[in-house]
Every structure is written in C-alpha cells, then in structure tokens.
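Structure first, then comments.
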Amino acid sequence: MPSSVSRTIFLSAALALTLSCQAQDFSGVSELVKRRIPSLHRHIVFKPLPKAAEETFILSTRNGNLVIQANTVSAASTAVNHYLNHVCHASISHSADNLPSTVKVVPLKRPIRVSTPFRYRYALNYCTYSYSYAFYQWEDFERELDWLSLNGINLMLAPLGTEIVWQQTLRSLGFSDASIARFIPGPAYTAWWLMGNLEGWGGPMSQPMIEKRHRLQVRILERMRQLGIEPVLQGFPGIVPSFFKDRFPDAPVVPQGLWGAFQRPYILLPGNETFNRVADLYYRNIKKYYGSDIRFLGGDLFHEGGNAQGVDLAATASLVQRRMLAHFPQARWVLQGWNDNPPPSLLAGLDKRHVLLINLSGEIATSWEKSQEFGRTPWIWGSVNHFGGKTDMGGQLPVLVNEPHRAFRNSKNHVMKGIGILPEGILTNPIVYDFALKTAWNDHAPDLDPMLRQYVLYRYGRWDDRLYKAWLLLSRSVFGEFEFKGEGTFESIFCARPSTNVTSVSTWGPKRMQYDPALLEQALTLFRQAADHLAASATYRYDLVDLTRQVMANHGRTVYRQAMDAYRTKDTLRLAEASRRFVSLVLLQDSLLATDRHFLLGNWLKAAQAYGDNEADRRLSLENARTQITYWGPDDPTTRVHDYANKEWSGLLRDFYAPRWTAFFDGLNRQLRGRETPETDFFAMERAWAKADNAYPTEPQGDCLKMVDRAMAAVGLPRVF
C-alpha cells in the first residue's frame, strides 16, 4: 500500500497532468480546418496528449472520424497536414493546391505517432514582408498563417505595423510629421528600414496606410495566438533616423554611412539618458499597440556592414539587451546570423539565456561549425534558398533535409534549438519549404527518395512513374547540392540589364551554373509525357510551366553566347540571327507564362493598387511595386541593386525586358555596320517603365500545353507524344 506521501505525489502529478491536458485549446486548428478543408471539419476529433520533452501527435481513425491527439497546438495543426499529405494524398502550397472539393476520412490500419526533437520551427525573413507580403490584405495573411501552421511553424517573424510604433515614439520626442515621413519607407521597402539599411525610400507612408498596417498586425497576432505561433516583434537596438541630432545635438550617435547608394539610419549608443528615453518610449508603444506578453524581439546592430569603429560591441549589446529586458523580462533578443553579423565580440556581451540567433544561410556555409555554434549562443539552423523573390527554380534539398540533423547531433548541450525557413521571397519552389519543414518532424535525417515518392503522391494526387523519374533528375540538378554555393540559383539571362559580358543578373547572383541543365531538359520531357493523365491538375500545370520556363531561361544563355561570339568576330549576319532568336525567346517566354496565374505581372500590380485606400496611396503602392521589381532604387543610375528582384512574369518580359534587349542588340548591329551608335540609357528606360501606370492581364490566357510544346521546340527538344 502506497504511503500518504507517495499518494500525495501521485495525486499532484495526476492533477498536473490533467491541467496540462486541459490547457490545450485546439479551437484555432479546428477553425483552420473549417477554412481550408471544410469537408473534414466535422470529422476530426482533437484530444490532448500529456506534455512531454518533445512535441508529438498521434493519428488514428475511429467511427468514421480522424482522431488527432497532440500535446501542443502546433503539433495538432501539423498532424492535420500530415494526414492530408500522406494519407489523403492532397496538399496546399503557394504554387497551386491539390485539394479536392471533398476530402474524405481514409481509415488507418494502425495509429501514426510522430514527434519532433526541434523546439522551434521558425519562419520568415524581413525581406519576405517586402518581396512577397508587401501588398497583402487580411485574406492573404489569413491563408499564409494557415499554411505556416499546417507546416509546423511555432515561431515567426512578425514586424508588420512597426510604423505606428516609430511614428508615435518620434512624435513624443518632438519630431514633426514631415520629419517622420522622411524616416518611414514605402510598403515595398520596410524590410531594409527595419534592418537599418535605408530610410524613407518609397515613402512617405500616409497616415491611413500606417493605421491599416497596424490593424492588420493586430489581426495577425491574434490569429497567431490561436494557431500556437509565437511572434517576433521588432525591438529597439538603437537604430534612429539619420537626422536624429537635429533635435538631440548631444546624443551619442554613430553615422552608418551608405548601404549601396542609400543613406543608412544612425545608431544611438546606449548607456545614457537619451537612449533610455527613446527605448522606453518605443517599448511602451509596443505594449500599447501589440500587448505586453511578447517573448521575442528582433532587431540587429550593424547589419550588412555599417560603422562600428570605436564602439565597444560587447558593452553596447549588453546595455541594449538590458533595456529590452527591463520592459519584457522574459524576452529573447532574436538576432540574424548573416555574413559576419553578429560578430563574436557583440555576442560576448549578452546574457545567452535571453538570445536566439537565426543562422540564415545554412545551405550556403557551415558558419555554426566554424564559430563553435556562435560562441555557444542558442541558435536555429535556417536556410534562405532564394533571394529577391525571383522566379528561378532551385533549392538544395539534400542539404535542407540532412544538414539540420547533423548540426543537431553535433550541438553541444543542444544549444541548437530548431529549424527555420528564411526565404526573401516565399511564393515559388514549393518543394523547398515543404521538405525543409518536414525534416523537422524526424528524429534523424530522412532519406530523400521516399520523400520524393510521397511528394509525387500528395503534390499531384496520384502516382505517376514519369513524374517520379523527373523529380529524381531535378533532385540531382537544380534541387541537388550545389558545387558552387552562392546567393540562390542561376538567374534567367532574359532579366539581365544587357551588356556584352553578362554573368549574373543581379549584382550578387551566382556567376556560374551550379547544375547540369541537360538534366532539366530530360525532366521536362518526362513531365510533358505525364500530361495524358494529369493535364487537369493545377499543381501539375504549374510545375510543368515552371520547369519549361527554367529550361527556356537556361537555353537563353546559349543563344546569348552565340550572339556575343558573332559580335566579337564581327559577323553581322550571325549576330542579326542570334539576336532575333534571343528576343523571340523572351517573347515566347512571356506567352508561356501568360497561361498560368502565378506568373502574371498584372496580379502583383493589382494587389498594389488595391492596397491603397485613397488615390494617393494607390499611386504610391503601384510605384513601389513597379520600382522594386525593376531598378529597385534609389533614383541613381549607379545603383547596384537594379534587377535584384527580377521576375520572369508575363507582361514584364514583353514590356520591360524585351525592349531592353532589343535596344541593346540594335545598337550592336548598328556598330558592326559602321553606324553612329549612342549608348543606350537603360536606367532611363527602367525608370520610365516604373513611373508608368498601364494595366496588365490578371487572368491566364492561352493553352498551357500548346505553349509548352512551342517552347520545347524552340530549345530543340523533340515532341514526346
């Protein structure tokens, strides 16, 4: 018979277990199912599991219902997606859904139990909010949050609405609204403002827009709480307007120079009354507008350069952190590990219990290994994969599914805390984010081949051996591990500002092809053969068009080299023919992409116009949208950021990229014929297009399969049926 003491312990443990189970509220996940998979809503029963060291879910079926047991809200939502993918063979993605109107409960022979060893599954890059979400309305964010939740995200960067915090802070400090308008940028550029790279560009943001973004953030944060996703709001690391000394001439500010051709904000050093006053006002406004229960705050010092000369980084970081903790005692300062940021000396000054470092570029370099896990700082293995929100295919799947597990195995005292996706743009390459997040729900590195087999089933809803073979080829090429690792994959030459020696499209893009393009052509042939069974599938059509687009873009490099060889050898006939073929490829690419709504310029511009609630805001948003995807900024012909956010979109290829190449080739042909040839002012062409306001189609046009066949013929691939 147990003693009274042991009985008391037993009853206390049972009570604690009961309370922990009762604490789980799965209503947010239930509402998610109602929104996205309504036919399943009345057939899912959620039950709590006891708290455990690892997040876990168990799937079973009983009496025609799906029973989901989970010990966290995030695990419950992940369970829904697991069942949808692996049992129902259906899927939701940014690039088309494979989701029948009625999803039925498929009985399970035995329960499925899945756990994750990773405490955090983190999402988003500051840049995602500008390249993908710049003009998102609530309906867009609602779907995005559902997708993130289904894929297991439980920690997410959420800096939208920081504008009103800064506005009210600066007003309290005595700055005029005109001055504040010089600081806050337009909606397509807030990412680089928050990171301390620029100020004001693309603005001024109007009061209605500032308030709209605040209202959106309030709804986002409430929905995140319902879905078990913790937000990372923007903290105050000391970034202040470059004109801060106009009102505070004695403030210890450090000018940060230029980021490219942009004026950076300054850094206000801590440990003085001025810093404390600004920080206190800022954090009080965070609490006023977004609540006092925030546990994660972002914001970097000296991101991507800047001037830290003479600054005691350890002492500075320590003081910044202390002020943060004075307002949010449980908070963790979330820092970006990118290039040489943050330096070891900065990390050395921090209380590591209140830090979480996001290693952005795990697929590019093993910086965690070289730095002894960032000086034993709690960290998350993350991957950027794509830069600028470009439309190029790519992502190193073997690295994404294996490397986080290798890092976790080798982490000392498990200072590594999780896995993250940090794309600059998230609207392409669905397999990348799918696999990067699924690997978190494995206790060891999963084998890529079974993942690909499963992906074919839930991406397209049925098995097709040709698509499986195609994905094997892709996983060994454009989605394989690259020998040359850089910023994303090889970009489309169609989007390059023309010259006689184009290597990369954007200044920092890869200079060499990282894979064998012939493997993509083989994959395309297999994909096209599968049309006999899958032509009606939206996911199949998207992938077919995207793969054809990439094959066309790669082939464009060959035709470009032929044109440049002809120019160097002064062969006028060959140059005329090669340049004609090149421009015709650009226009054919435009027509191909017109068949799929995901590749329409018109939808990006339509979203921008709809973002403004008055005519002035509509004009500003539209100009933001057109500028970002072309010359980016500032209004300086020497800008190196031009074409960084290049897009192969129908409408943009025809009216922006094709005219640049036509002007370029016309100039070369005139040169070889001995005619006077003034240098083409590409910047003037780009800026003129960005300032225009003509509309573009928002609905697909043309026959997808016919255009794919034309494209395949243009690159020399034979008919396959």
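Letters for chains follow the order of the structure tokens (A, B, ...), residue numbers begin at 1 for each chain, and ligand numbers begin at 1 in the order shown.
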
Exercise for review: Quick one: everything within 7 Å of Leu335 of chain A, counting only C-alpha atoms, minus sequence neighbours fewer than 4 positions away in the same chain. Send it as a ChimeraX atom specification.
Suggested key: /A:298-300,356-358

Practice item. If you run DSSP over the backbone, which residues in segment 313-490 of chain A end up helix (DSSP H, G or I)? Put them as a VMD selection string. Key: chain A and resid 313 to 327 344 to 348 352 to 354 367 to 370 372 to 376 397 to 410 412 to 414 430 to 441 448 to 460 465 to 475

Review point. In terms of the shortest atom-to-atom distance over only C-alpha atoms, which of A:Ala594, A:Tyr290, A:Gln207, A:Arg42 is closest to Ala616 of chain A?
Key: A:Gln207

Review point. How many Å separate atom CA of Pro38 of chain A from atom CA of Asp146 of chain A?
Key: 13.5 Å

So that I can check the surroundings of Ile380 of chain A, please list as a short mmCIF file (atom, residue, chain, number, x, y, z; two decimals) with N, CA, C and O atoms, in the first residue's frame every protein, DNA and RNA residue that reaches within 10 Å of it, counting only C-alpha atoms and ignoring chain neighbours fewer than 4 positions away.
data_model
loop_
_atom_site.label_atom_id
_atom_site.label_comp_id
_atom_site.auth_asym_id
_atom_site.auth_seq_id
_atom_site.Cartn_x
_atom_site.Cartn_y
_atom_site.Cartn_z
N PHE A 118 12.99 19.16 -32.36
CA PHE A 118 13.35 20.57 -32.50
C PHE A 118 12.32 21.46 -31.80
O PHE A 118 11.14 21.47 -32.15
N ARG A 119 12.80 22.22 -30.82
CA ARG A 119 11.91 23.06 -30.03
C ARG A 119 11.21 24.11 -30.88
O ARG A 119 10.02 24.39 -30.70
N TYR A 120 11.94 24.73 -31.78
CA TYR A 120 11.37 25.79 -32.60
C TYR A 120 11.40 25.41 -34.07
O TYR A 120 12.37 24.84 -34.56
N ARG A 121 10.32 25.76 -34.74
CA ARG A 121 10.28 25.73 -36.22
C ARG A 121 9.95 27.17 -36.63
O ARG A 121 8.82 27.63 -36.44
N TYR A 122 10.96 27.83 -37.13
CA TYR A 122 10.92 29.30 -37.31
C TYR A 122 10.63 29.63 -38.77
O TYR A 122 11.05 28.92 -39.69
N GLN A 336 19.98 38.03 -36.32
CA GLN A 336 20.22 37.37 -37.60
C GLN A 336 21.70 37.02 -37.74
O GLN A 336 22.56 37.90 -37.65
N GLY A 337 21.98 35.74 -37.98
CA GLY A 337 23.33 35.33 -38.30
C GLY A 337 23.51 35.35 -39.80
O GLY A 337 23.07 34.45 -40.52
N LEU A 356 18.35 34.38 -29.04
CA LEU A 356 18.13 33.31 -30.01
C LEU A 356 18.65 33.81 -31.35
O LEU A 356 18.16 34.80 -31.88
N LEU A 357 19.68 33.13 -31.86
CA LEU A 357 20.31 33.56 -33.11
C LEU A 357 19.78 32.72 -34.26
O LEU A 357 19.74 31.49 -34.17
N ILE A 358 19.36 33.38 -35.33
CA ILE A 358 18.85 32.68 -36.51
C ILE A 358 19.96 32.62 -37.55
O ILE A 358 20.37 33.64 -38.11
N ASN A 359 20.47 31.43 -37.78
CA ASN A 359 21.51 31.22 -38.79
C ASN A 359 20.85 31.20 -40.16
O ASN A 359 20.28 30.19 -40.57
N LEU A 360 20.94 32.31 -40.89
CA LEU A 360 20.15 32.45 -42.11
C LEU A 360 20.55 31.51 -43.23
O LEU A 360 19.70 30.99 -43.93
N GLY A 362 22.22 28.44 -43.79
CA GLY A 362 22.78 27.13 -43.52
C GLY A 362 23.06 26.33 -44.77
O GLY A 362 23.92 25.45 -44.77
N TRP A 368 27.95 27.85 -38.32
CA TRP A 368 27.76 27.39 -36.94
C TRP A 368 28.94 26.55 -36.47
O TRP A 368 29.32 26.58 -35.30
N GLU A 373 29.31 27.19 -32.77
CA GLU A 373 27.90 27.49 -32.53
C GLU A 373 27.71 28.90 -31.99
O GLU A 373 27.03 29.15 -31.00
N PRO A 404 20.44 20.00 -41.00
CA PRO A 404 19.94 20.33 -39.66
C PRO A 404 20.13 19.19 -38.66
O PRO A 404 20.43 19.43 -37.49
N ALA A 407 23.79 19.01 -37.66
CA ALA A 407 24.09 20.08 -36.70
C ALA A 407 23.52 19.75 -35.32
O ALA A 407 24.18 19.96 -34.30
N PHE A 408 22.32 19.20 -35.29
CA PHE A 408 21.68 18.87 -34.01
C PHE A 408 22.46 17.77 -33.27
O PHE A 408 22.64 17.84 -32.05
N VAL A 415 22.55 23.30 -27.81
CA VAL A 415 22.39 24.75 -27.90
C VAL A 415 21.66 25.12 -29.20
O VAL A 415 21.09 26.20 -29.31
N MET A 416 21.68 24.19 -30.17
CA MET A 416 20.84 24.36 -31.35
C MET A 416 19.39 24.06 -30.96
O MET A 416 19.08 23.01 -30.41
N LYS A 417 18.49 24.99 -31.28
CA LYS A 417 17.13 24.92 -30.76
C LYS A 417 16.07 24.63 -31.82
O LYS A 417 14.91 24.41 -31.46
N GLY A 418 16.44 24.65 -33.10
CA GLY A 418 15.38 24.42 -34.07
C GLY A 418 15.81 24.58 -35.50
O GLY A 418 17.00 24.68 -35.82
N ILE A 419 14.81 24.59 -36.36
CA ILE A 419 14.97 24.68 -37.81
C ILE A 419 14.15 25.86 -38.31
O ILE A 419 13.06 26.13 -37.77
N GLY A 420 14.65 26.55 -39.33
CA GLY A 420 13.89 27.67 -39.85
C GLY A 420 13.96 27.80 -41.36
O GLY A 420 14.91 27.34 -41.99
N ILE A 421 12.91 28.40 -41.94
CA ILE A 421 12.93 28.80 -43.34
C ILE A 421 12.94 30.32 -43.38
O ILE A 421 12.12 30.97 -42.73
#

Check your understanding: What's the 9 Å shell around segment 621-634 of chain A, counting only C-alpha atoms, without same-chain residues fewer than 2 positions away, as a ChimeraX atom specification?
Key -> /A:131,134-135,186-189,201-203,261-262,388,604-612,616-619,636-637,639-647,656,683,686-687,689-693

Using only C-alpha atoms, which protein or nucleic acid residues come within 6 Å of segment 542-553 of chain A? Drop anything in the same chain fewer than 3 positions from it, and give the result as a PDB file with N, CA, C and O atoms, in the first residue's frame.
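Result file follows (result26.pdb):
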ATOM      1  N   SER A 492      17.790  33.944 -64.647  1.00  0.00           N
ATOM      2  CA  SER A 492      17.435  33.982 -66.061  1.00  0.00           C
ATOM      3  C   SER A 492      18.092  35.168 -66.749  1.00  0.00           C
ATOM      4  O   SER A 492      17.875  36.325 -66.362  1.00  0.00           O
ATOM      5  N   THR A 539      -1.599  21.722 -59.888  1.00  0.00           N
ATOM      6  CA  THR A 539      -0.213  21.605 -59.423  1.00  0.00           C
ATOM      7  C   THR A 539       0.694  21.091 -60.537  1.00  0.00           C
ATOM      8  O   THR A 539       1.827  21.550 -60.683  1.00  0.00           O
ATOM      9  N   GLY A 556      18.475  30.290 -73.073  1.00  0.00           N
ATOM     10  CA  GLY A 556      18.780  31.663 -73.446  1.00  0.00           C
ATOM     11  C   GLY A 556      20.248  31.998 -73.288  1.00  0.00           C
ATOM     12  O   GLY A 556      20.789  32.822 -74.043  1.00  0.00           O
TER      13      GLY A 556
END

Exercise for review: With a distance cut-off of 9 Å and only C-alpha atoms, select the neighbouring residues of Ala123 of chain A, excluding the residue or stretch itself and same-chain residues fewer than 5 positions from it, and output the selection as number ranges by chain.
Suggested key: A: 148, 153-157, 382, 419-423

Keeping all heavy atoms for every residue in the selection just given, could you write it to a file as a tab-separated table (two decimals), in the first residue's frame?
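Resulting contents of result.tsv:
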chain	number	residue	atom	x	y	z
A	148	LEU	N	1.45	28.25	-42.80
A	148	LEU	CA	2.58	28.16	-41.87
A	148	LEU	C	2.25	27.22	-40.70
A	148	LEU	O	3.07	26.39	-40.29
A	148	LEU	CB	2.94	29.55	-41.34
A	148	LEU	CG	3.59	30.49	-42.36
A	148	LEU	CD1	3.48	31.94	-41.90
A	148	LEU	CD2	5.05	30.13	-42.59
A	153	ILE	N	5.06	25.53	-38.15
A	153	ILE	CA	5.73	26.73	-37.64
A	153	ILE	C	5.16	27.12	-36.28
A	153	ILE	O	3.94	27.22	-36.10
A	153	ILE	CB	5.57	27.90	-38.64
A	153	ILE	CG1	6.29	27.58	-39.97
A	153	ILE	CG2	6.09	29.20	-38.04
A	153	ILE	CD1	7.76	27.29	-39.83
A	154	ASN	N	6.04	27.35	-35.31
A	154	ASN	CA	5.58	27.81	-33.99
A	154	ASN	C	6.30	29.08	-33.51
A	154	ASN	O	6.07	29.54	-32.40
A	154	ASN	CB	5.71	26.70	-32.95
A	154	ASN	CG	7.15	26.28	-32.70
A	154	ASN	OD1	8.09	26.78	-33.32
A	154	ASN	ND2	7.34	25.34	-31.77
A	155	LEU	N	7.14	29.64	-34.37
A	155	LEU	CA	7.82	30.90	-34.07
A	155	LEU	C	8.00	31.64	-35.39
A	155	LEU	O	8.53	31.07	-36.35
A	155	LEU	CB	9.18	30.63	-33.41
A	155	LEU	CG	10.02	31.85	-33.00
A	155	LEU	CD1	9.29	32.68	-31.96
A	155	LEU	CD2	11.38	31.40	-32.47
A	156	MET	N	7.59	32.90	-35.44
A	156	MET	CA	7.54	33.59	-36.73
A	156	MET	C	7.87	35.07	-36.57
A	156	MET	O	7.38	35.73	-35.65
A	156	MET	CB	6.15	33.43	-37.34
A	156	MET	CG	5.90	34.16	-38.64
A	156	MET	SD	4.18	33.95	-39.15
A	156	MET	CE	3.70	35.66	-39.40
A	157	LEU	N	8.68	35.57	-37.47
A	157	LEU	CA	8.95	36.99	-37.53
A	157	LEU	C	7.66	37.72	-37.90
A	157	LEU	O	6.99	37.37	-38.88
A	157	LEU	CB	10.03	37.27	-38.58
A	157	LEU	CG	10.48	38.72	-38.72
A	157	LEU	CD1	11.20	39.19	-37.46
A	157	LEU	CD2	11.40	38.88	-39.93
A	382	GLY	N	18.90	27.69	-40.19
A	382	GLY	CA	17.96	28.21	-41.17
A	382	GLY	C	18.53	28.23	-42.57
A	382	GLY	O	19.74	28.07	-42.78
A	419	ILE	N	14.81	24.59	-36.36
A	419	ILE	CA	14.97	24.68	-37.81
A	419	ILE	C	14.15	25.86	-38.31
A	419	ILE	O	13.06	26.13	-37.77
A	419	ILE	CB	14.50	23.39	-38.50
A	419	ILE	CG1	15.41	22.21	-38.14
A	419	ILE	CG2	14.45	23.54	-40.00
A	419	ILE	CD1	14.98	20.89	-38.74
A	420	GLY	N	14.65	26.55	-39.33
A	420	GLY	CA	13.89	27.67	-39.85
A	420	GLY	C	13.96	27.80	-41.36
A	420	GLY	O	14.91	27.34	-41.99
A	421	ILE	N	12.91	28.40	-41.94
A	421	ILE	CA	12.93	28.80	-43.34
A	421	ILE	C	12.94	30.32	-43.38
A	421	ILE	O	12.12	30.97	-42.73
A	421	ILE	CB	11.75	28.22	-44.14
A	421	ILE	CG1	10.40	28.60	-43.50
A	421	ILE	CG2	11.87	26.71	-44.26
A	421	ILE	CD1	9.20	28.35	-44.40
A	422	LEU	N	13.88	30.89	-44.13
A	422	LEU	CA	14.05	32.34	-44.15
A	422	LEU	C	14.15	32.87	-45.58
A	422	LEU	O	15.09	33.56	-45.95
A	422	LEU	CB	15.31	32.71	-43.35
A	422	LEU	CG	15.20	32.30	-41.89
A	422	LEU	CD1	16.16	31.15	-41.61
A	422	LEU	CD2	15.47	33.46	-40.98
A	423	PRO	N	13.16	32.57	-46.40
A	423	PRO	CA	13.23	32.99	-47.80
A	423	PRO	C	13.03	34.49	-47.95
A	423	PRO	O	12.20	35.08	-47.26
A	423	PRO	CB	12.09	32.23	-48.45
A	423	PRO	CG	11.08	32.09	-47.35
A	423	PRO	CD	11.90	31.90	-46.09

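Each of A:Arg219, A:His214, A:Arg409, A:His41 was checked against Tyr289 of chain A using only C-alpha atoms; the smallest atom-to-atom distance is that of A:His214.
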
Exercise for review: Write down as JSON, numbers by chain the residues of segment 270-481 of chain A whose backbone DSSP state falls under strand (DSSP E or B).
Suggested key: {"A": [296, 297, 298, 332, 333, 334, 335, 336, 337, 338, 341, 355, 356, 357, 358, 359, 379, 380, 381, 382, 383, 416, 417, 418, 419, 420, 421]}

Mind dumping the selected residues with N, CA and C atoms as a JSON list (two decimals), in the first residue's frame?
[["chain", "number", "residue", "atom", "x", "y", "z"],
["A", 296, "PHE", "N", 9.64, 37.48, -27.77],
["A", 296, "PHE", "CA", 10.74, 37.50, -28.72],
["A", 296, "PHE", "C", 10.77, 38.86, -29.41],
["A", 297, "LEU", "N", 11.95, 39.48, -29.43],
["A", 297, "LEU", "CA", 12.11, 40.80, -30.05],
["A", 297, "LEU", "C", 13.33, 40.79, -30.95],
["A", 298, "GLY", "N", 13.14, 41.24, -32.19],
["A", 298, "GLY", "CA", 14.23, 41.26, -33.16],
["A", 298, "GLY", "C", 14.88, 42.62, -33.26],
["A", 332, "ARG", "N", 13.54, 37.12, -25.44],
["A", 332, "ARG", "CA", 14.79, 36.73, -26.08],
["A", 332, "ARG", "C", 15.05, 37.70, -27.23],
["A", 333, "TRP", "N", 16.28, 38.16, -27.32],
["A", 333, "TRP", "CA", 16.67, 39.02, -28.43],
["A", 333, "TRP", "C", 16.99, 38.12, -29.61],
["A", 334, "VAL", "N", 16.22, 38.24, -30.68],
["A", 334, "VAL", "CA", 16.39, 37.40, -31.86],
["A", 334, "VAL", "C", 17.30, 38.12, -32.85],
["A", 335, "LEU", "N", 18.47, 37.54, -33.09],
["A", 335, "LEU", "CA", 19.48, 38.15, -33.95],
["A", 335, "LEU", "C", 19.65, 37.34, -35.24],
["A", 336, "GLN", "N", 19.98, 38.03, -36.32],
["A", 336, "GLN", "CA", 20.22, 37.37, -37.60],
["A", 336, "GLN", "C", 21.70, 37.02, -37.74],
["A", 337, "GLY", "N", 21.98, 35.74, -37.98],
["A", 337, "GLY", "CA", 23.33, 35.33, -38.30],
["A", 337, "GLY", "C", 23.51, 35.35, -39.80],
["A", 338, "TRP", "N", 24.15, 36.39, -40.29],
["A", 338, "TRP", "CA", 24.25, 36.59, -41.75],
["A", 338, "TRP", "C", 25.60, 37.21, -42.07],
["A", 341, "ASN", "N", 27.75, 38.97, -39.38],
["A", 341, "ASN", "CA", 26.88, 39.54, -38.36],
["A", 341, "ASN", "C", 26.14, 38.42, -37.61],
["A", 355, "VAL", "N", 18.78, 35.15, -25.61],
["A", 355, "VAL", "CA", 19.18, 35.36, -27.00],
["A", 355, "VAL", "C", 18.76, 34.14, -27.82],
["A", 356, "LEU", "N", 18.35, 34.38, -29.04],
["A", 356, "LEU", "CA", 18.13, 33.31, -30.01],
["A", 356, "LEU", "C", 18.65, 33.81, -31.35],
["A", 357, "LEU", "N", 19.68, 33.13, -31.86],
["A", 357, "LEU", "CA", 20.31, 33.56, -33.11],
["A", 357, "LEU", "C", 19.78, 32.72, -34.26],
["A", 358, "ILE", "N", 19.36, 33.38, -35.33],
["A", 358, "ILE", "CA", 18.85, 32.68, -36.51],
["A", 358, "ILE", "C", 19.96, 32.62, -37.55],
["A", 359, "ASN", "N", 20.47, 31.43, -37.78],
["A", 359, "ASN", "CA", 21.51, 31.22, -38.79],
["A", 359, "ASN", "C", 20.85, 31.20, -40.16],
["A", 379, "TRP", "N", 20.68, 28.84, -30.92],
["A", 379, "TRP", "CA", 20.55, 29.20, -32.33],
["A", 379, "TRP", "C", 19.61, 28.25, -33.07],
["A", 380, "ILE", "N", 19.20, 28.71, -34.24],
["A", 380, "ILE", "CA", 18.32, 27.94, -35.12],
["A", 380, "ILE", "C", 19.01, 27.78, -36.47],
["A", 381, "TRP", "N", 19.01, 26.54, -36.98],
["A", 381, "TRP", "CA", 19.55, 26.29, -38.33],
["A", 381, "TRP", "C", 18.52, 26.74, -39.35],
["A", 382, "GLY", "N", 18.90, 27.69, -40.19],
["A", 382, "GLY", "CA", 17.96, 28.21, -41.17],
["A", 382, "GLY", "C", 18.53, 28.23, -42.57],
["A", 383, "SER", "N", 17.66, 28.40, -43.54],
["A", 383, "SER", "CA", 18.07, 28.46, -44.94],
["A", 383, "SER", "C", 17.28, 29.56, -45.64],
["A", 416, "MET", "N", 21.68, 24.19, -30.17],
["A", 416, "MET", "CA", 20.84, 24.36, -31.35],
["A", 416, "MET", "C", 19.39, 24.06, -30.96],
["A", 417, "LYS", "N", 18.49, 24.99, -31.28],
["A", 417, "LYS", "CA", 17.13, 24.92, -30.76],
["A", 417, "LYS", "C", 16.07, 24.63, -31.82],
["A", 418, "GLY", "N", 16.44, 24.65, -33.10],
["A", 418, "GLY", "CA", 15.38, 24.42, -34.07],
["A", 418, "GLY", "C", 15.81, 24.58, -35.50],
["A", 419, "ILE", "N", 14.81, 24.59, -36.36],
["A", 419, "ILE", "CA", 14.97, 24.68, -37.81],
["A", 419, "ILE", "C", 14.15, 25.86, -38.31],
["A", 420, "GLY", "N", 14.65, 26.55, -39.33],
["A", 420, "GLY", "CA", 13.89, 27.67, -39.85],
["A", 420, "GLY", "C", 13.96, 27.80, -41.36],
["A", 421, "ILE", "N", 12.91, 28.40, -41.94],
["A", 421, "ILE", "CA", 12.93, 28.80, -43.34],
["A", 421, "ILE", "C", 12.94, 30.32, -43.38]]

Review point. What lies within 10 Å of segment 23-37 of chain A using only C-alpha atoms, ignoring chain neighbours under 3 positions off, as number ranges by chain?
Key: A: 17-20, 40-42, 44-51, 70-78, 80-81, 84, 92, 99-104, 142-143, 145-147, 149-150, 223-228

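If you look at atom CA of Gly394 of chain A and atom CA of Asn429 of chain A, they are 6.8 Å away from each other.
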
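Considering only C-alpha atoms, the residue among A:Ala518, A:Ala711, A:Leu524, A:Leu258 positioned nearest to Arg466 of chain A is A:Leu524.
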
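The space between atom CA of Lys469 of chain A and atom CA of Leu588 of chain A spans 27.3 Å.
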
Study note, to complete from the structure: Min atom-atom distance to Gly291 of chain A from the set A:Pro430, A:Gly667, A:Pro678, A:Pro231, counting only C-alpha atoms, belongs to A:Pro231

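Closest to Arg710 of chain A among A:Leu585, A:Gly64, A:Ser39, A:Gln671 is A:Leu585, based on only C-alpha atoms.
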
Closest-contact table, segment 425-524 of chain A side, partner segment 658-663 of chain A, 9 Å, counting only C-alpha atoms, as a tab-separated table:
residue	atom	partner	partner_atom	distance
A:Phe494	CA	A:Ala658	CA	7.8
A:Cys495	CA	A:Ala658	CA	8.8
A:Ala496	CA	A:Trp661	CA	8.8
A:Arg497	CA	A:Arg660	CA	7.2
A:Pro498	CA	A:Trp661	CA	6.1

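Among the candidates A:Lys706, A:Arg113, A:His82, A:Arg476, the one nearest to Leu448 of chain A when counting only C-alpha atoms is A:Arg476.
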